[in-house]
file target-v7.cif (mmCIF, C-alpha atoms)
data_coords
#
loop_
_atom_site.label_atom_id
_atom_site.label_comp_id
_atom_site.auth_asym_id
_atom_site.auth_seq_id
_atom_site.Cartn_x
_atom_site.Cartn_y
_atom_site.Cartn_z
CA MET A 1 27.03 -59.13 93.86
CA PRO A 2 30.14 -61.21 94.67
CA LYS A 3 33.06 -59.45 96.23
CA ARG A 4 35.84 -58.79 93.70
CA LYS A 5 39.29 -59.97 94.73
CA SER A 6 42.26 -57.65 94.44
CA ALA A 7 45.29 -58.61 92.36
CA THR A 8 47.27 -59.42 95.50
CA SER A 9 44.57 -61.69 96.92
CA ARG A 10 44.41 -63.62 93.62
CA ARG A 11 48.14 -64.29 93.74
CA ARG A 12 48.99 -67.74 95.04
CA GLY A 13 51.89 -67.94 97.38
CA GLU A 14 53.86 -70.79 98.82
CA PRO A 15 52.80 -71.82 102.34
CA LEU A 16 55.44 -71.43 105.03
CA SER A 17 55.17 -72.81 108.52
CA VAL A 18 57.42 -71.41 111.24
CA ARG A 19 57.60 -71.70 115.00
CA ILE A 20 58.16 -68.53 116.95
CA ASP A 21 57.96 -67.79 120.63
CA PRO A 22 54.77 -66.11 121.95
CA LYS A 23 56.49 -62.78 122.61
CA THR A 24 57.76 -62.57 119.02
CA ARG A 25 54.32 -63.56 117.73
CA TYR A 26 52.73 -60.76 119.77
CA GLY A 27 55.34 -58.33 118.43
CA LEU A 28 54.48 -59.48 114.91
CA GLU A 29 50.80 -58.82 115.57
CA LEU A 30 51.58 -55.34 116.94
CA LEU A 31 53.74 -54.59 113.91
CA SER A 32 50.95 -55.73 111.60
CA ARG A 33 48.54 -53.36 113.34
CA LEU A 34 51.04 -50.51 113.15
CA GLN A 35 51.66 -51.07 109.43
CA ARG A 36 47.99 -51.84 108.75
CA ARG A 37 48.99 -55.11 107.09
CA SER A 38 48.11 -58.70 107.73
CA VAL A 39 50.59 -60.79 109.68
CA THR A 40 51.43 -62.50 106.39
CA GLY A 41 52.00 -59.10 104.80
CA VAL A 42 54.41 -58.11 107.55
CA VAL A 43 56.33 -61.39 107.22
CA GLU A 44 56.56 -60.91 103.43
CA TRP A 45 57.72 -57.31 103.93
CA ALA A 46 60.38 -58.39 106.47
CA ILE A 47 61.68 -61.08 104.12
CA ALA A 48 61.77 -58.62 101.19
CA GLU A 49 63.77 -56.19 103.39
CA ALA A 50 66.22 -58.96 104.31
CA LEU A 51 66.64 -59.86 100.62
CA ARG A 52 67.36 -56.19 99.80
CA ASN A 53 69.82 -55.73 102.66
CA SER A 54 71.77 -59.01 102.67
CA THR A 55 74.65 -59.61 100.28
CA ILE A 56 76.09 -62.69 98.67
CA ALA A 57 79.21 -63.31 96.60
CA ASP A 58 78.80 -64.95 93.20
CA SER A 59 81.30 -67.40 91.71
CA GLY A 60 83.31 -64.46 90.35
CA GLY A 61 83.59 -62.91 93.82
CA ARG A 62 81.16 -60.06 93.03
CA GLU A 63 79.03 -58.96 95.99
CA LEU A 64 75.35 -58.65 95.15
CA THR A 65 72.26 -58.22 97.23
CA VAL A 66 70.34 -61.46 97.61
CA GLU A 67 67.49 -59.69 95.79
CA ALA A 68 69.76 -59.03 92.77
CA ALA A 69 71.13 -62.58 92.89
CA LEU A 70 67.59 -63.90 93.02
CA SER A 71 66.64 -62.08 89.84
CA GLY A 72 69.46 -63.88 88.01
CA ALA A 73 68.97 -67.30 89.55
CA TRP A 74 65.18 -67.54 89.80
CA SER A 75 63.13 -69.43 87.27
CA VAL A 76 59.77 -71.12 87.55
CA ASN A 77 61.63 -74.04 86.04
CA GLU A 78 63.39 -76.35 88.52
CA LEU A 79 66.16 -77.44 86.16
CA GLU A 80 66.95 -73.85 85.15
CA ARG A 81 67.15 -72.83 88.83
CA LEU A 82 69.48 -75.73 89.59
CA ILE A 83 71.89 -75.01 86.73
CA ALA A 84 71.82 -71.23 87.40
CA LEU A 85 72.54 -71.82 91.10
CA TRP A 86 75.40 -74.17 90.22
CA GLU A 87 76.94 -71.73 87.77
CA SER A 88 76.75 -68.60 89.93
CA TYR A 89 76.41 -69.78 93.54
CA ALA A 90 77.76 -73.34 93.69
CA HIS A 91 78.72 -72.81 97.33
CA LEU A 92 75.00 -72.63 98.17
CA LEU A 93 74.08 -76.01 96.69
CA THR A 94 72.92 -78.63 99.15
CA PHE A 95 74.80 -81.92 99.23
CA ASP A 96 72.06 -83.63 97.20
CA GLU A 97 72.02 -80.79 94.65
CA GLU A 98 75.82 -80.98 94.32
CA ARG A 99 75.62 -84.67 93.55
CA LEU A 100 72.76 -84.21 91.06
CA VAL A 101 74.64 -81.43 89.24
CA ALA A 102 77.77 -83.59 89.22
CA VAL A 103 75.83 -86.30 87.35
CA LEU A 104 74.57 -83.74 84.83
CA VAL A 105 78.03 -82.20 84.39
CA LYS A 106 79.57 -85.63 83.83
CA THR A 107 77.07 -86.42 81.07
CA PRO A 108 78.64 -84.91 77.93
CA ALA A 109 75.55 -85.42 75.75
CA LEU A 110 73.67 -82.81 77.81
CA TRP A 111 76.02 -80.01 76.75
CA HIS A 112 76.59 -78.27 73.42
CA ASP A 113 80.31 -78.09 74.18
CA ALA A 114 81.39 -80.94 76.43
CA ASN A 115 84.62 -79.08 77.26
CA ARG A 116 82.94 -75.82 78.33
CA ARG A 117 80.02 -76.56 80.56
CA GLY A 118 77.88 -73.66 81.71
CA TYR A 119 74.32 -72.37 81.67
CA ARG A 120 74.52 -71.26 78.03
CA GLN A 121 76.11 -74.54 76.95
CA PHE A 122 73.32 -76.72 78.35
CA ARG A 123 71.03 -78.36 75.78
CA TRP A 124 67.89 -76.69 77.13
CA SER A 125 65.59 -77.32 74.19
CA GLU A 126 66.22 -81.06 74.29
CA VAL A 127 66.64 -81.72 78.01
CA GLN A 128 64.01 -79.44 79.54
CA PRO A 129 61.01 -81.26 78.01
CA ALA A 130 62.42 -84.58 79.29
CA TRP A 131 63.28 -83.31 82.80
CA GLU A 132 60.31 -84.99 84.52
CA ALA A 133 61.50 -88.36 83.21
CA LEU A 134 65.21 -87.56 83.58
CA ARG A 135 65.09 -86.23 87.17
CA PRO A 136 64.45 -89.60 88.91
CA ILE A 137 67.08 -91.30 86.76
CA ALA A 138 69.66 -88.59 87.49
CA THR A 139 68.70 -88.59 91.19
CA ALA A 140 69.25 -92.36 91.38
CA ALA A 141 72.62 -91.90 89.66
CA ALA A 142 73.51 -89.21 92.20
CA GLU A 143 72.97 -91.71 95.02
CA ARG A 144 75.61 -94.10 93.70
CA ALA A 145 78.84 -94.39 95.66
CA THR A 146 80.81 -93.00 92.72
CA ILE A 147 79.38 -90.15 90.68
CA VAL A 148 79.59 -90.73 86.94
CA GLY A 149 77.59 -89.38 84.03
CA LEU A 150 74.41 -90.97 82.80
CA THR A 151 74.73 -93.86 80.40
CA ASP A 152 73.27 -93.85 76.91
CA ASP A 153 70.66 -96.34 78.14
CA GLU A 154 69.65 -94.01 81.00
CA LEU A 155 69.36 -91.06 78.61
CA THR A 156 67.29 -93.17 76.23
CA GLN A 157 65.07 -94.29 79.11
CA ALA A 158 64.40 -90.61 79.88
CA GLY A 159 63.35 -89.99 76.29
CA LEU A 160 66.65 -88.46 75.19
CA GLY A 161 67.59 -91.19 72.70
CA PRO A 162 67.84 -88.72 69.80
CA LEU A 163 70.28 -86.67 71.87
CA VAL A 164 72.46 -89.73 72.40
CA VAL A 165 72.55 -90.39 68.66
CA ARG A 166 73.30 -86.72 67.89
CA PHE A 167 76.08 -86.58 70.51
CA ALA A 168 77.65 -89.74 69.07
CA ASP A 169 77.65 -88.05 65.66
CA GLU A 170 79.41 -84.98 67.10
CA ILE A 171 82.33 -86.87 68.65
CA PRO A 172 85.45 -86.22 66.54
CA PHE A 173 87.42 -89.31 65.52
#
call {"tool": "encode", "arguments": {"input": "target-v7.cif", "output": "structure tokens"}}
result
Amino acid sequence: MPKRKSATSRRRGEPLSVRIDPKTRYGLELLSRLQRRSVTGVVEWAIAEALRNSTIADSGGRELTVEAALSGAWSVNELERLIALWESYAHLLTFDEERLVAVLVKTPALWHDANRRGYRQFRWSEVQPAWEALRPIATAAAERATIVGLTDDELTQAGLGPLVVRFADEIPF
């Protein structure tokens, strides 16, 4: 009879490679023996403890644990994570992420209200399905010397042509 896997062993995690000195590695092994966990289990436990005990300020100046911040900013969806990070923790964006968000922010057609841009104002239902096609176009735009929004042609190329037409219809004259 095949051995049945536990729920935790079925869970797929992200690989992480780190370099540590031999003394720290030995300490990690001793700790894993003491806690009767695998070395991976001890590393996961230590990271979870750090997330619970470290704080971060959001864009409103509120101090939260990183664990609490993570629950608000995490999504399996890359675009959702990016916009959530920008809205609540813009100071944590990398340079490349800042430039990519700047392109998205400067593209009025991507927002329900072009004057009030935020997570809830983003056109999720239209943009999310096109993200795989839009990402390389937006990334290329983010590498330009001057950051500007995406053109109608670039949006159309990403499969967002109907959004361009709809946005043009919404512009007051």
call {"tool": "residues_around", "arguments": {"input": "target-v7.cif", "residues": "Ser38 of chain A", "least_positions_apart": "6", "cutoff": "10 Å", "atoms": "all atoms listed in the file", "output": "list in words"}}
result
Leu28, Glu29, Leu31, Ser32 and Glu44 of chain A
call {"tool": "atom_distance", "arguments": {"input": "target-v7.cif", "atom1": "atom CA of Val66 of chain A", "atom2": "atom CA of Ser88 of chain A"}}
result
12.3 Å
call {"tool": "atom_distance", "arguments": {"input": "target-v7.cif", "atom1": "atom CA of Gly13 of chain A", "atom2": "atom CA of Glu87 of chain A"}}
result
27.1 Å
call {"tool": "resolve_selection", "arguments": {"input": "target-v7.cif", "expression": "the PyMOL selection byres ((chain A and resi 73) around 12)", "output": "ChimeraX atom specification"}}
result
/A:58,66-72,74-90,92,119
call {"tool": "axis_aligned_box", "arguments": {"input": "target-v7.cif", "around": "segment 57-70 of chain A", "padding_each_side": "3 Å", "output": "lines of an AutoDock Vina configuration file"}}
result
center_x = 75.5
center_y = -62.8
center_z = 94.0
size_x = 22.1
size_y = 15.2
size_z = 13.3
call {"tool": "atom_distance", "arguments": {"input": "target-v7.cif", "atom1": "atom CA of Thr156 of chain A", "atom2": "atom CA of Glu98 of chain A"}}
result
23.4 Å
call {"tool": "closest_residue", "arguments": {"input": "target-v7.cif", "among": "A:Glu63, A:Ile147, A:Pro162, A:Ala140", "to": "Leu110 of chain A", "atoms": "all atoms listed in the file"}}
result
A:Pro162
call {"tool": "residues_around", "arguments": {"input": "target-v7.cif", "residues": "Thr139 of chain A", "least_positions_apart": "4", "cutoff": "8 Å", "atoms": "only C-alpha atoms", "output": "PyMOL selection string"}}
result
chain A and resi 100+135+143
call {"tool": "closest_residue", "arguments": {"input": "target-v7.cif", "among": "A:Thr55, A:Lys23, A:Ala133, A:Ser17", "to": "Thr40 of chain A", "atoms": "all atoms listed in the file"}}
result
A:Ser17
call {"tool": "resolve_selection", "arguments": {"input": "target-v7.cif", "expression": "the PyMOL selection byres ((chain A and resi 105) around 10)", "output": "ChimeraX atom specification"}}
result
/A:83,99-104,106-111,114,117-118,122,148-150
call {"tool": "closest_residue", "arguments": {"input": "target-v7.cif", "among": "A:Val127, A:Leu93, A:Leu16, A:Val42", "to": "Val164 of chain A", "atoms": "all atoms listed in the file"}}
result
A:Val127
call {"tool": "resolve_selection", "arguments": {"input": "target-v7.cif", "expression": "the PyMOL selection byres ((chain A and resi 54) around 9)", "output": "list of chain:residue names"}}
result
A:Glu49, A:Ala50, A:Leu51, A:Arg52, A:Asn53, A:Thr55, A:Ile56, A:Leu64, A:Thr65, A:Val66, A:Glu67
call {"tool": "write_last_selection", "arguments": {"input": "target-v7.cif", "atoms": "C-alpha atoms", "output": "short mmCIF file (atom, residue, chain, number, x, y, z; two decimals), in the coordinates of the input"}}
result
data_model
loop_
_atom_site.label_atom_id
_atom_site.label_comp_id
_atom_site.auth_asym_id
_atom_site.auth_seq_id
_atom_site.Cartn_x
_atom_site.Cartn_y
_atom_site.Cartn_z
CA GLU A 49 63.77 -56.19 103.39
CA ALA A 50 66.22 -58.96 104.31
CA LEU A 51 66.64 -59.86 100.62
CA ARG A 52 67.36 -56.19 99.80
CA ASN A 53 69.82 -55.73 102.66
CA THR A 55 74.65 -59.61 100.28
CA ILE A 56 76.09 -62.69 98.67
CA LEU A 64 75.35 -58.65 95.15
CA THR A 65 72.26 -58.22 97.23
CA VAL A 66 70.34 -61.46 97.61
CA GLU A 67 67.49 -59.69 95.79
#
